[in-house]
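Have a look at structure25.cif; it's mmCIF, C-alpha atoms:
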data_coords
loop_
_atom_site.group_PDB
_atom_site.id
_atom_site.type_symbol
_atom_site.label_atom_id
_atom_site.label_comp_id
_atom_site.auth_asym_id
_atom_site.auth_seq_id
_atom_site.Cartn_x
_atom_site.Cartn_y
_atom_site.Cartn_z
ATOM 1 C CA MET A 1 -7.354 -14.043 -28.961
ATOM 2 C CA GLU A 2 -9.130 -14.955 -25.738
ATOM 3 C CA PHE A 3 -6.833 -12.603 -23.826
ATOM 4 C CA GLU A 4 -7.661 -9.699 -26.144
ATOM 5 C CA ARG A 5 -11.376 -10.487 -25.922
ATOM 6 C CA ALA A 6 -11.154 -10.528 -22.125
ATOM 7 C CA ILE A 7 -9.509 -7.100 -22.108
ATOM 8 C CA GLU A 8 -12.216 -5.789 -24.458
ATOM 9 C CA ARG A 9 -14.902 -7.185 -22.144
ATOM 10 C CA LEU A 10 -13.323 -5.372 -19.223
ATOM 11 C CA ILE A 11 -12.915 -2.115 -21.135
ATOM 12 C CA ALA A 12 -16.658 -2.209 -21.749
ATOM 13 C CA ARG A 13 -17.165 -2.504 -17.977
ATOM 14 C CA LYS A 14 -15.073 0.557 -17.064
ATOM 15 C CA SER A 15 -16.511 2.542 -14.138
ATOM 16 C CA GLU A 16 -18.694 -0.431 -13.141
ATOM 17 C CA GLU A 17 -19.140 -0.992 -9.428
ATOM 18 C CA LEU A 18 -17.364 -4.167 -8.322
ATOM 19 C CA TRP A 19 -18.582 -4.248 -4.738
ATOM 20 C CA ALA A 20 -19.900 -1.979 -2.017
ATOM 21 C CA ARG A 21 -20.096 -2.545 1.725
ATOM 22 C CA SER A 22 -21.489 -0.406 4.472
ATOM 23 C CA ALA A 23 -21.189 -0.028 8.206
ATOM 24 C CA VAL A 24 -17.900 -1.646 9.088
ATOM 25 C CA THR A 25 -16.726 -0.448 12.470
ATOM 26 C CA VAL A 26 -13.051 0.357 13.008
ATOM 27 C CA GLU A 27 -12.600 -2.073 15.877
ATOM 28 C CA ARG A 28 -9.782 -1.634 18.365
ATOM 29 C CA SER A 29 -9.022 -5.366 18.245
ATOM 30 C CA VAL A 30 -8.683 -5.343 14.441
ATOM 31 C CA VAL A 31 -6.382 -2.329 14.551
ATOM 32 C CA ASP A 32 -4.271 -3.859 17.316
ATOM 33 C CA ARG A 33 -3.889 -7.100 15.367
ATOM 34 C CA PHE A 34 -2.795 -5.165 12.294
ATOM 35 C CA CYS A 35 -0.289 -3.131 14.338
ATOM 36 C CA GLU A 36 1.221 -6.315 15.723
ATOM 37 C CA ALA A 37 1.276 -7.920 12.282
ATOM 38 C CA ILE A 38 3.271 -5.081 10.727
ATOM 39 C CA GLY A 39 5.407 -4.578 13.832
ATOM 40 C CA TRP A 40 4.302 -1.002 14.491
ATOM 41 C CA ARG A 41 3.451 0.721 17.739
ATOM 42 C CA GLY A 42 1.396 3.926 17.674
ATOM 43 C CA ARG A 43 2.380 7.092 19.497
ATOM 44 C CA ASP A 44 -0.768 6.906 21.607
ATOM 45 C CA ALA A 45 -3.978 4.907 21.917
ATOM 46 C CA ASP A 46 -5.665 6.824 19.081
ATOM 47 C CA ASP A 47 -2.857 6.382 16.580
ATOM 48 C CA ILE A 48 -3.924 4.105 13.739
ATOM 49 C CA PRO A 49 -1.668 2.668 11.014
ATOM 50 C CA VAL A 50 -2.630 4.263 7.733
ATOM 51 C CA ALA A 51 -2.830 1.067 5.675
ATOM 52 C CA VAL A 52 -5.276 -0.676 8.005
ATOM 53 C CA ILE A 53 -8.219 0.847 6.163
ATOM 54 C CA ALA A 54 -7.486 -1.375 3.163
ATOM 55 C CA HIS A 55 -7.968 -4.469 5.313
ATOM 56 C CA LEU A 56 -11.215 -3.611 7.099
ATOM 57 C CA PHE A 57 -13.350 -4.953 4.280
ATOM 58 C CA ARG A 58 -11.694 -8.268 3.547
ATOM 59 C CA ASP A 59 -13.930 -11.319 3.663
ATOM 60 C CA SER A 60 -13.273 -13.952 6.271
ATOM 61 C CA ALA A 61 -10.177 -16.014 5.662
ATOM 62 C CA ASP A 62 -10.849 -19.108 3.564
ATOM 63 C CA VAL A 63 -7.644 -21.077 3.590
ATOM 64 C CA HIS A 64 -6.816 -22.983 0.417
ATOM 65 C CA ARG A 65 -4.166 -25.549 1.215
ATOM 66 C CA ASP A 66 -3.947 -27.125 -2.188
ATOM 67 C CA GLU A 67 -4.216 -24.199 -4.559
ATOM 68 C CA ARG A 68 -3.674 -20.472 -4.672
ATOM 69 C CA PRO A 69 -6.772 -18.278 -4.595
ATOM 70 C CA ARG A 70 -7.788 -17.599 -8.159
ATOM 71 C CA GLU A 71 -7.328 -13.861 -8.278
ATOM 72 C CA THR A 72 -9.048 -12.765 -11.431
ATOM 73 C CA ILE A 73 -11.568 -10.288 -12.658
ATOM 74 C CA ASP A 74 -12.359 -12.275 -15.813
ATOM 75 C CA ASP A 75 -12.239 -16.038 -16.332
ATOM 76 C CA ALA A 76 -9.694 -15.668 -19.127
ATOM 77 C CA LEU A 77 -7.301 -13.649 -16.961
ATOM 78 C CA VAL A 78 -5.407 -15.437 -14.200
ATOM 79 C CA ASN A 79 -2.306 -15.095 -12.017
ATOM 80 C CA PRO A 80 -1.829 -11.328 -12.109
ATOM 81 C CA MET A 81 1.217 -9.418 -10.954
ATOM 82 C CA ASN A 82 0.802 -6.404 -8.714
ATOM 83 C CA GLY A 83 1.631 -3.375 -10.834
ATOM 84 C CA GLY A 84 1.420 -0.840 -8.052
ATOM 85 C CA THR A 85 -0.699 0.523 -5.239
ATOM 86 C CA GLU A 86 -1.710 4.110 -4.565
ATOM 87 C CA PHE A 87 -3.450 5.679 -1.597
ATOM 88 C CA GLU A 88 -4.976 9.085 -1.062
ATOM 89 C CA PHE A 89 -5.828 10.006 2.499
ATOM 90 C CA HIS A 90 -8.189 12.829 3.420
ATOM 91 C CA ARG A 91 -7.864 12.123 7.117
ATOM 92 C CA ARG A 92 -6.983 9.290 9.448
ATOM 93 C CA PRO A 93 -9.740 6.830 10.375
ATOM 94 C CA ARG A 94 -10.769 6.781 14.035
ATOM 95 C CA ILE A 95 -11.338 3.886 16.397
ATOM 96 C CA GLY A 96 -15.052 3.168 16.750
ATOM 97 C CA GLU A 97 -16.280 5.014 13.684
ATOM 98 C CA MET A 98 -18.355 3.399 10.955
ATOM 99 C CA ILE A 99 -16.820 3.236 7.500
ATOM 100 C CA SER A 100 -18.324 2.240 4.167
ATOM 101 C CA ALA A 101 -16.500 1.388 0.969
ATOM 102 C CA GLN A 102 -17.201 1.143 -2.719
ATOM 103 C CA SER A 103 -14.914 -0.450 -5.290
ATOM 104 C CA ILE A 104 -15.080 0.296 -9.006
ATOM 105 C CA LEU A 105 -13.290 -0.846 -12.133
ATOM 106 C CA LYS A 106 -11.367 2.370 -12.660
ATOM 107 C CA ASP A 107 -9.408 1.657 -15.825
ATOM 108 C CA VAL A 108 -8.465 -1.118 -18.211
ATOM 109 C CA TYR A 109 -5.870 -0.956 -20.970
ATOM 110 C CA SER A 110 -3.364 -3.134 -22.778
ATOM 111 C CA ARG A 111 0.260 -2.702 -23.753
ATOM 112 C CA GLN A 112 2.660 -4.812 -25.742
ATOM 113 C CA GLY A 113 5.289 -6.327 -23.458
ATOM 114 C CA LYS A 114 8.576 -7.995 -24.399
ATOM 115 C CA SER A 115 7.044 -11.459 -24.079
ATOM 116 C CA GLY A 116 3.550 -10.706 -25.319
ATOM 117 C CA PRO A 117 0.514 -8.593 -24.581
ATOM 118 C CA LEU A 118 -0.110 -7.247 -21.082
ATOM 119 C CA GLY A 119 -3.469 -6.230 -19.641
ATOM 120 C CA PHE A 120 -3.577 -3.540 -16.943
ATOM 121 C CA VAL A 121 -6.627 -3.565 -14.685
ATOM 122 C CA VAL A 122 -6.992 -0.702 -12.220
ATOM 123 C CA THR A 123 -9.496 -0.993 -9.390
ATOM 124 C CA GLU A 124 -10.320 1.906 -7.086
ATOM 125 C CA THR A 125 -11.828 1.586 -3.634
ATOM 126 C CA ASN A 126 -13.180 4.672 -1.932
ATOM 127 C CA PHE A 127 -13.748 4.755 1.829
ATOM 128 C CA PHE A 128 -16.346 7.039 3.418
ATOM 129 C CA ASP A 129 -17.350 7.986 6.940
ATOM 130 C CA ALA A 130 -20.897 7.846 8.332
ATOM 131 C CA ALA A 131 -21.650 11.283 6.902
ATOM 132 C CA GLY A 132 -20.549 10.171 3.437
ATOM 133 C CA SER A 133 -17.371 12.243 3.484
ATOM 134 C CA PRO A 134 -14.333 10.624 1.890
ATOM 135 C CA ILE A 135 -11.638 9.273 4.200
ATOM 136 C CA ALA A 136 -9.327 7.565 1.742
ATOM 137 C CA ALA A 137 -9.024 6.019 -1.700
ATOM 138 C CA GLN A 138 -6.928 3.068 -2.810
ATOM 139 C CA ARG A 139 -6.030 2.263 -6.401
ATOM 140 C CA VAL A 140 -4.470 -1.076 -7.265
ATOM 141 C CA THR A 141 -3.106 -1.970 -10.692
ATOM 142 C CA MET A 142 -2.977 -5.664 -11.556
ATOM 143 C CA ILE A 143 -1.095 -6.804 -14.642
ATOM 144 C CA TYR A 144 -2.199 -9.883 -16.580
ATOM 145 C CA ARG A 145 -0.041 -11.579 -19.179
ATOM 146 C CA GLY A 146 -1.367 -12.757 -22.516
ATOM 147 C CA VAL A 147 0.266 -15.353 -24.749
ATOM 148 C CA ALA A 148 2.766 -14.029 -27.298
ATOM 149 C CA MET B 1 19.614 5.684 12.716
ATOM 150 C CA PRO B 2 17.989 8.882 11.407
ATOM 151 C CA PHE B 3 14.333 9.646 11.839
ATOM 152 C CA VAL B 4 13.468 13.301 11.252
ATOM 153 C CA SER B 5 9.979 14.135 12.462
ATOM 154 C CA LEU B 6 8.792 16.992 10.306
ATOM 155 C CA ASN B 7 7.647 19.566 12.812
ATOM 156 C CA PRO B 8 7.727 23.379 12.984
ATOM 157 C CA GLU B 9 11.146 23.309 14.600
ATOM 158 C CA ASN B 10 13.064 21.367 12.007
ATOM 159 C CA VAL B 11 11.204 21.340 8.695
ATOM 160 C CA ALA B 12 12.757 24.578 7.454
ATOM 161 C CA SER B 13 16.188 22.963 7.487
ATOM 162 C CA VAL B 14 15.146 19.979 5.378
ATOM 163 C CA VAL B 15 16.432 20.135 1.816
ATOM 164 C CA SER B 16 16.092 17.966 -1.266
ATOM 165 C CA GLY B 17 18.040 14.732 -0.941
ATOM 166 C CA ASP B 18 18.065 14.712 2.862
ATOM 167 C CA LEU B 19 17.733 11.299 4.432
ATOM 168 C CA LEU B 20 14.654 11.649 6.650
ATOM 169 C CA ALA B 21 14.409 8.092 7.926
ATOM 170 C CA ARG B 22 16.376 4.877 7.863
ATOM 171 C CA ILE B 23 14.682 2.015 9.662
ATOM 172 C CA VAL B 24 16.319 -1.405 9.821
ATOM 173 C CA LEU B 25 13.701 -4.067 10.493
ATOM 174 C CA PRO B 26 14.569 -7.559 11.753
ATOM 175 C CA PRO B 27 14.541 -10.446 9.273
ATOM 176 C CA VAL B 28 10.995 -11.484 8.410
ATOM 177 C CA THR B 29 10.007 -14.759 10.051
ATOM 178 C CA ALA B 30 7.560 -17.450 8.967
ATOM 179 C CA THR B 31 5.585 -16.798 12.142
ATOM 180 C CA GLN B 32 5.298 -13.113 11.276
ATOM 181 C CA LEU B 33 3.973 -13.936 7.802
ATOM 182 C CA ALA B 34 1.457 -16.414 9.187
ATOM 183 C CA PHE B 35 0.297 -13.836 11.731
ATOM 184 C CA TYR B 36 0.001 -11.147 9.056
ATOM 185 C CA CYS B 37 -2.055 -13.465 6.829
ATOM 186 C CA ALA B 38 -4.345 -14.299 9.751
ATOM 187 C CA ALA B 39 -4.718 -10.635 10.736
ATOM 188 C CA THR B 40 -5.580 -9.472 7.234
ATOM 189 C CA GLY B 41 -7.467 -12.467 5.830
ATOM 190 C CA VAL B 42 -4.840 -13.334 3.216
ATOM 191 C CA THR B 43 -5.331 -16.912 2.026
ATOM 192 C CA ASP B 44 -2.582 -17.480 -0.532
ATOM 193 C CA PRO B 45 -0.398 -20.352 0.798
ATOM 194 C CA ILE B 46 2.777 -18.962 -0.803
ATOM 195 C CA HIS B 47 2.956 -16.715 2.279
ATOM 196 C CA TYR B 48 2.671 -19.370 5.015
ATOM 197 C CA ASP B 49 3.189 -22.850 3.542
ATOM 198 C CA ARG B 50 6.859 -23.350 2.651
ATOM 199 C CA ASP B 51 6.312 -26.572 0.711
ATOM 200 C CA PHE B 52 3.554 -24.951 -1.288
ATOM 201 C CA ALA B 53 5.688 -21.876 -2.019
ATOM 202 C CA ARG B 54 8.507 -24.071 -3.322
ATOM 203 C CA ARG B 55 6.135 -26.128 -5.466
ATOM 204 C CA ALA B 56 4.905 -22.817 -6.900
ATOM 205 C CA GLY B 57 8.446 -21.991 -7.976
ATOM 206 C CA PHE B 58 9.549 -19.662 -5.192
ATOM 207 C CA PRO B 59 12.748 -20.278 -3.203
ATOM 208 C CA ASP B 60 10.911 -19.779 0.098
ATOM 209 C CA LEU B 61 7.868 -18.091 1.669
ATOM 210 C CA VAL B 62 6.924 -14.868 -0.122
ATOM 211 C CA VAL B 63 6.580 -11.679 1.917
ATOM 212 C CA ASN B 64 3.157 -10.124 1.259
ATOM 213 C CA GLY B 65 3.196 -7.082 -1.000
ATOM 214 C CA SER B 66 0.580 -5.430 1.215
ATOM 215 C CA LEU B 67 2.856 -5.864 4.242
ATOM 216 C CA ARG B 68 5.696 -4.153 2.393
ATOM 217 C CA ILE B 69 3.309 -1.347 1.439
ATOM 218 C CA ALA B 70 2.157 -1.009 5.049
ATOM 219 C CA TRP B 71 5.766 -0.610 6.255
ATOM 220 C CA LEU B 72 6.646 2.103 3.753
ATOM 221 C CA ALA B 73 3.362 3.980 4.131
ATOM 222 C CA GLN B 74 3.723 3.957 7.916
ATOM 223 C CA VAL B 75 7.292 5.242 7.938
ATOM 224 C CA LEU B 76 6.149 8.121 5.732
ATOM 225 C CA ALA B 77 3.042 8.789 7.814
ATOM 226 C CA ASP B 78 5.062 8.853 11.029
ATOM 227 C CA LEU B 79 7.343 11.539 9.599
ATOM 228 C CA ALA B 80 4.375 13.902 9.294
ATOM 229 C CA GLU B 81 3.702 13.608 13.015
ATOM 230 C CA LYS B 82 0.231 13.020 14.318
ATOM 231 C CA ARG B 83 -1.168 16.427 13.444
ATOM 232 C CA GLY B 84 -0.030 16.043 9.847
ATOM 233 C CA LEU B 85 -1.161 13.581 7.208
ATOM 234 C CA LEU B 86 0.239 11.293 4.554
ATOM 235 C CA GLU B 87 -1.926 12.711 1.772
ATOM 236 C CA ALA B 88 -0.773 10.598 -1.135
ATOM 237 C CA PHE B 89 1.235 7.401 -1.435
ATOM 238 C CA SER B 90 2.253 5.363 -4.446
ATOM 239 C CA CYS B 91 4.289 2.166 -4.363
ATOM 240 C CA SER B 92 5.478 -0.330 -6.940
ATOM 241 C CA HIS B 93 7.187 -3.647 -6.319
ATOM 242 C CA ARG B 94 10.425 -4.220 -8.214
ATOM 243 C CA ARG B 95 11.059 -7.811 -7.167
ATOM 244 C CA PRO B 96 9.732 -10.419 -4.760
ATOM 245 C CA MET B 97 10.882 -10.555 -1.152
ATOM 246 C CA PHE B 98 11.278 -13.725 0.881
ATOM 247 C CA VAL B 99 11.211 -14.856 4.479
ATOM 248 C CA GLY B 100 14.537 -14.345 6.250
ATOM 249 C CA GLN B 101 15.301 -11.111 4.448
ATOM 250 C CA ALA B 102 15.682 -7.956 6.541
ATOM 251 C CA PRO B 103 14.111 -4.836 5.044
ATOM 252 C CA VAL B 104 15.804 -1.472 5.352
ATOM 253 C CA LEU B 105 13.316 1.361 4.889
ATOM 254 C CA GLU B 106 14.724 4.670 3.701
ATOM 255 C CA VAL B 107 12.939 7.967 3.093
ATOM 256 C CA ARG B 108 14.465 10.973 1.386
ATOM 257 C CA CYS B 109 13.106 14.463 0.806
ATOM 258 C CA LEU B 110 12.384 15.299 -2.817
ATOM 259 C CA ARG B 111 11.119 18.855 -2.257
ATOM 260 C CA ARG B 112 8.961 20.924 0.031
ATOM 261 C CA GLU B 113 6.378 23.491 -0.855
ATOM 262 C CA ARG B 114 3.609 25.714 0.340
ATOM 263 C CA ALA B 115 0.717 25.009 -1.990
ATOM 264 C CA SER B 116 -2.019 27.381 -3.101
ATOM 265 C CA ASP B 117 -4.248 26.077 -0.311
ATOM 266 C CA GLY B 118 -1.775 27.526 2.166
ATOM 267 C CA LEU B 119 -0.729 24.153 3.548
ATOM 268 C CA SER B 120 2.867 23.009 3.693
ATOM 269 C CA ARG B 121 3.809 19.772 2.019
ATOM 270 C CA VAL B 122 6.939 17.667 1.772
ATOM 271 C CA HIS B 123 7.336 15.340 -1.204
ATOM 272 C CA CYS B 124 9.354 12.233 -0.406
ATOM 273 C CA GLU B 125 10.667 9.087 -2.015
ATOM 274 C CA ALA B 126 10.893 5.879 -0.022
ATOM 275 C CA PHE B 127 12.624 2.581 -0.612
ATOM 276 C CA ASN B 128 12.511 -0.904 0.822
ATOM 277 C CA LEU B 129 16.080 -2.126 0.417
ATOM 278 C CA ILE B 130 17.284 -5.718 0.599
ATOM 279 C CA ASP B 131 21.055 -6.011 0.550
ATOM 280 C CA GLY B 132 21.167 -2.425 -0.663
ATOM 281 C CA GLU B 133 18.907 -3.034 -3.666
ATOM 282 C CA PRO B 134 15.384 -1.598 -3.813
ATOM 283 C CA VAL B 135 12.623 -4.202 -3.870
ATOM 284 C CA ASP B 136 9.921 -1.550 -3.421
ATOM 285 C CA VAL B 137 9.946 2.060 -4.568
ATOM 286 C CA ALA B 138 7.419 4.568 -3.280
ATOM 287 C CA THR B 139 6.611 8.243 -3.265
ATOM 288 C CA GLY B 140 4.608 10.120 -0.669
ATOM 289 C CA ILE B 141 3.268 13.594 -0.081
ATOM 290 C CA LEU B 142 3.171 14.684 3.544
ATOM 291 C CA ARG B 143 0.848 17.499 4.566
ATOM 292 C CA LEU B 144 2.293 19.127 7.615
ATOM 293 C CA ALA B 145 0.394 20.557 10.526
ATOM 294 C CA ALA B 146 -0.500 24.222 10.140
ATOM 295 C CA GLY B 147 2.396 26.432 11.050
ATOM 296 C CA ALA B 148 4.974 23.773 10.290
ATOM 297 C CA MET B 149 6.637 25.874 7.609
ATOM 298 C CA GLU B 150 6.798 29.638 7.285
ATOM 299 C CA LEU B 151 6.444 31.400 3.963
ATOM 300 C CA SER B 152 9.797 33.047 4.533
ATOM 301 C CA ASP B 153 11.416 29.605 4.292
ATOM 302 C CA LEU B 154 10.378 29.195 0.720
ATOM 303 C CA ASP B 155 11.217 30.375 -2.741
ATOM 304 C CA SER B 156 8.426 30.807 -5.229
ATOM 305 C CA GLY B 157 7.400 27.364 -6.458
ATOM 306 C CA GLY B 158 8.898 25.557 -3.510
ATOM 307 C CA ALA B 159 12.205 25.571 -1.729
ATOM 308 C CA SER B 160 14.982 23.007 -1.887
#
What do you get writing this file as structure tokens?
Amino acid sequence: MEFERAIERLIARKSEELWARSAVTVERSVVDRFCEAIGWRGRDADDIPVAVIAHLFRDSADVHRDERPRETIDDALVNPMNGGTEFEFHRRPRIGEMISAQSILKDVYSRQGKSGPLGFVVTETNFFDAAGSPIAAQRVTMIYRGVA
Amino acid sequence: MPFVSLNPENVASVVSGDLLARIVLPPVTATQLAFYCAATGVTDPIHYDRDFARRAGFPDLVVNGSLRIAWLAQVLADLAEKRGLLEAFSCSHRRPMFVGQAPVLEVRCLRRERASDGLSRVHCEAFNLIDGEPVDVATGILRLAAGAMELSDLDSGGAS
């Protein structure tokens, strides 16, 4: 029942803001590190890998050697599977520009799986330029398993 | 190894089912995963600590899902050339991927269209294949630079 109650708690929070950050600069060094990490070389100095925008707002690395980070949005929901990632791009980000981001709880729903109930939690992060115009949006669906 | 940049010269000849790109990447190394985790702030040890990954039930280090997404999104984006744009991208993971495996990224044309906004778009499907089996499946919509497709190329509702 705790799983079902957790899903109900999240459904009540739909559209709630999860976090918001402002004024992150698209640094050349960050972009270069990401290019090297994915093994991609741009066509010229201004070419930026499209997925880098999703990594500009990560917190500093906090390495857990003895346990996995507890990825959860509710204490009763742990160890999710990635159910899919979507991007919409309005334009490419540019080196040196300031970007802000806001993440919301976009959707929450449950389905009956073969081995028990499944909870689907969709978060949406929108990225904006200094003028407030949208640059991109990312939607991530995480799937949590309940007990049959 | 095909890679068809979608530009005004060649887009009119692209039809549904065409292989637009096939990129064979080298086997993923433990060093590459550690570097990716450091570059992106990923902290889960299943990606860089082999002993930990095995204790967690995996046969070896797990390749980050976000890295796999970055590969597929970038192959699609590169097809649109710099003046174009990857407008929409959707990816789902079918199975885990492990260090030592060599991804093969394939993109095929689903259809092309000139939308009501007057811009030309190519709808694509993309796969990350390991030993010929898809571990990631994606779709993408590429908006081409203005002038990349003439109206005369198209039937009503989209050619190909």
Which residues of chain B have any atom within 9 Å of an atom in chain A when counting all atoms listed in the file, and what is the closest pair of atoms for each, with the distance in Å to one decimal? Order the rows by chain and rising number and write it as JSON lines.
{"residue": "B:Leu25", "atom": "CA", "partner": "A:Gly39", "partner_atom": "CA", "distance": 9.0}
{"residue": "B:Gln32", "atom": "CA", "partner": "A:Ala37", "partner_atom": "CA", "distance": 6.6}
{"residue": "B:Leu33", "atom": "CA", "partner": "A:Ala37", "partner_atom": "CA", "distance": 8.0}
{"residue": "B:Phe35", "atom": "CA", "partner": "A:Ala37", "partner_atom": "CA", "distance": 6.0}
{"residue": "B:Tyr36", "atom": "CA", "partner": "A:Ala37", "partner_atom": "CA", "distance": 4.7}
{"residue": "B:Cys37", "atom": "CA", "partner": "A:Ala37", "partner_atom": "CA", "distance": 8.5}
{"residue": "B:Ala38", "atom": "CA", "partner": "A:Ala61", "partner_atom": "CA", "distance": 7.3}
{"residue": "B:Ala39", "atom": "CA", "partner": "A:Arg33", "partner_atom": "CA", "distance": 5.9}
{"residue": "B:Thr40", "atom": "CA", "partner": "A:His55", "partner_atom": "CA", "distance": 5.9}
{"residue": "B:Gly41", "atom": "CA", "partner": "A:Ala61", "partner_atom": "CA", "distance": 4.5}
{"residue": "B:Val42", "atom": "CA", "partner": "A:Ala61", "partner_atom": "CA", "distance": 6.5}
{"residue": "B:Thr43", "atom": "CA", "partner": "A:Val63", "partner_atom": "CA", "distance": 5.0}
{"residue": "B:Asp44", "atom": "CA", "partner": "A:Arg68", "partner_atom": "CA", "distance": 5.2}
{"residue": "B:Pro45", "atom": "CA", "partner": "A:Arg68", "partner_atom": "CA", "distance": 6.4}
{"residue": "B:Ile46", "atom": "CA", "partner": "A:Arg68", "partner_atom": "CA", "distance": 7.7}
{"residue": "B:Asp49", "atom": "CA", "partner": "A:Arg65", "partner_atom": "CA", "distance": 8.2}
{"residue": "B:Phe52", "atom": "CA", "partner": "A:Asp66", "partner_atom": "CA", "distance": 7.9}
{"residue": "B:Gly65", "atom": "CA", "partner": "A:Asn82", "partner_atom": "CA", "distance": 8.1}
{"residue": "B:Ser66", "atom": "CA", "partner": "A:Ala51", "partner_atom": "CA", "distance": 8.6}
{"residue": "B:Leu67", "atom": "CA", "partner": "A:Ile38", "partner_atom": "CA", "distance": 6.5}
{"residue": "B:Arg68", "atom": "CA", "partner": "A:Ile38", "partner_atom": "CA", "distance": 8.7}
{"residue": "B:Ile69", "atom": "CA", "partner": "A:Ala51", "partner_atom": "CA", "distance": 7.8}
{"residue": "B:Ala70", "atom": "CA", "partner": "A:Ala51", "partner_atom": "CA", "distance": 5.4}
{"residue": "B:Trp71", "atom": "CA", "partner": "A:Ile38", "partner_atom": "CA", "distance": 6.8}
{"residue": "B:Ala73", "atom": "CA", "partner": "A:Val50", "partner_atom": "CA", "distance": 7.0}
{"residue": "B:Gln74", "atom": "CA", "partner": "A:Pro49", "partner_atom": "CA", "distance": 6.3}
{"residue": "B:Ala77", "atom": "CA", "partner": "A:Val50", "partner_atom": "CA", "distance": 7.3}
{"residue": "B:Lys82", "atom": "CA", "partner": "A:Asp47", "partner_atom": "CA", "distance": 7.7}
{"residue": "B:Leu85", "atom": "CA", "partner": "A:Arg91", "partner_atom": "CA", "distance": 6.9}
{"residue": "B:Leu86", "atom": "CA", "partner": "A:Phe89", "partner_atom": "CA", "distance": 6.5}
{"residue": "B:Glu87", "atom": "CA", "partner": "A:Phe89", "partner_atom": "CA", "distance": 4.8}
{"residue": "B:Ala88", "atom": "CA", "partner": "A:Glu88", "partner_atom": "CA", "distance": 4.5}
{"residue": "B:Phe89", "atom": "CA", "partner": "A:Phe87", "partner_atom": "CA", "distance": 5.0}
{"residue": "B:Ser90", "atom": "CA", "partner": "A:Glu86", "partner_atom": "CA", "distance": 4.2}
{"residue": "B:Cys91", "atom": "CA", "partner": "A:Thr85", "partner_atom": "CA", "distance": 5.3}
{"residue": "B:Ser92", "atom": "CA", "partner": "A:Gly84", "partner_atom": "CA", "distance": 4.2}
{"residue": "B:His93", "atom": "CA", "partner": "A:Gly84", "partner_atom": "CA", "distance": 6.6}
Would you write out those residues with C-alpha atoms, as an mmCIF file, in the frame of the given file?
data_model
loop_
_atom_site.group_PDB
_atom_site.id
_atom_site.type_symbol
_atom_site.label_atom_id
_atom_site.label_comp_id
_atom_site.auth_asym_id
_atom_site.auth_seq_id
_atom_site.Cartn_x
_atom_site.Cartn_y
_atom_site.Cartn_z
ATOM 1 C CA LEU B 25 13.701 -4.067 10.493
ATOM 2 C CA GLN B 32 5.298 -13.113 11.276
ATOM 3 C CA LEU B 33 3.973 -13.936 7.802
ATOM 4 C CA PHE B 35 0.297 -13.836 11.731
ATOM 5 C CA TYR B 36 0.001 -11.147 9.056
ATOM 6 C CA CYS B 37 -2.055 -13.465 6.829
ATOM 7 C CA ALA B 38 -4.345 -14.299 9.751
ATOM 8 C CA ALA B 39 -4.718 -10.635 10.736
ATOM 9 C CA THR B 40 -5.580 -9.472 7.234
ATOM 10 C CA GLY B 41 -7.467 -12.467 5.830
ATOM 11 C CA VAL B 42 -4.840 -13.334 3.216
ATOM 12 C CA THR B 43 -5.331 -16.912 2.026
ATOM 13 C CA ASP B 44 -2.582 -17.480 -0.532
ATOM 14 C CA PRO B 45 -0.398 -20.352 0.798
ATOM 15 C CA ILE B 46 2.777 -18.962 -0.803
ATOM 16 C CA ASP B 49 3.189 -22.850 3.542
ATOM 17 C CA PHE B 52 3.554 -24.951 -1.288
ATOM 18 C CA GLY B 65 3.196 -7.082 -1.000
ATOM 19 C CA SER B 66 0.580 -5.430 1.215
ATOM 20 C CA LEU B 67 2.856 -5.864 4.242
ATOM 21 C CA ARG B 68 5.696 -4.153 2.393
ATOM 22 C CA ILE B 69 3.309 -1.347 1.439
ATOM 23 C CA ALA B 70 2.157 -1.009 5.049
ATOM 24 C CA TRP B 71 5.766 -0.610 6.255
ATOM 25 C CA ALA B 73 3.362 3.980 4.131
ATOM 26 C CA GLN B 74 3.723 3.957 7.916
ATOM 27 C CA ALA B 77 3.042 8.789 7.814
ATOM 28 C CA LYS B 82 0.231 13.020 14.318
ATOM 29 C CA LEU B 85 -1.161 13.581 7.208
ATOM 30 C CA LEU B 86 0.239 11.293 4.554
ATOM 31 C CA GLU B 87 -1.926 12.711 1.772
ATOM 32 C CA ALA B 88 -0.773 10.598 -1.135
ATOM 33 C CA PHE B 89 1.235 7.401 -1.435
ATOM 34 C CA SER B 90 2.253 5.363 -4.446
ATOM 35 C CA CYS B 91 4.289 2.166 -4.363
ATOM 36 C CA SER B 92 5.478 -0.330 -6.940
ATOM 37 C CA HIS B 93 7.187 -3.647 -6.319
#
Centre and edge lengths, as lines of an AutoDock Vina configuration file, for the axis-aligned box enclosing every listed atom of region 68-75 of chain B with 6 Å of padding on each of the six sides, in Å to one decimal?
center_x = 4.7
center_y = 0.5
center_z = 4.7
size_x = 17.1
size_y = 21.4
size_z = 18.5
### Message
Report, in Å to a single decimal, how far apart CA of Asn10 (chain B) and CA of Ile23 (chain B) are.
### Response
19.6 Å
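We find CA of Ala102 (chain B) and CA of Val75 (chain B) to be spaced 15.7 Å apart.
A straight line drawn from CA of Arg121 (chain B) to CA of Ile141 (chain B) is 6.5 Å long.
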### Task
Output the residue selection produced by the PyMOL selection byres ((chain B and resi 124) around 9) on the file above, formatted as a PyMOL selection string.
chain B and resi 16+20+76+107-112+122-123+125-126+138-142
### Query
Got a sec: who's within 6 Å of Phe127 (chain B), counting only C-alpha atoms, leaving out chain neighbours fewer than 3 positions off, as a PyMOL selection string?
chain B and resi 105-106+134+136-137
Take the residues that were just selected and, keeping C-alpha atoms, output them as a short mmCIF file (atom, residue, chain, number, x, y, z; two decimals), keeping the file's coordinate frame.
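Output file result19.cif follows:
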data_model
loop_
_atom_site.label_atom_id
_atom_site.label_comp_id
_atom_site.auth_asym_id
_atom_site.auth_seq_id
_atom_site.Cartn_x
_atom_site.Cartn_y
_atom_site.Cartn_z
CA LEU B 105 13.32 1.36 4.89
CA GLU B 106 14.72 4.67 3.70
CA PRO B 134 15.38 -1.60 -3.81
CA ASP B 136 9.92 -1.55 -3.42
CA VAL B 137 9.95 2.06 -4.57
#
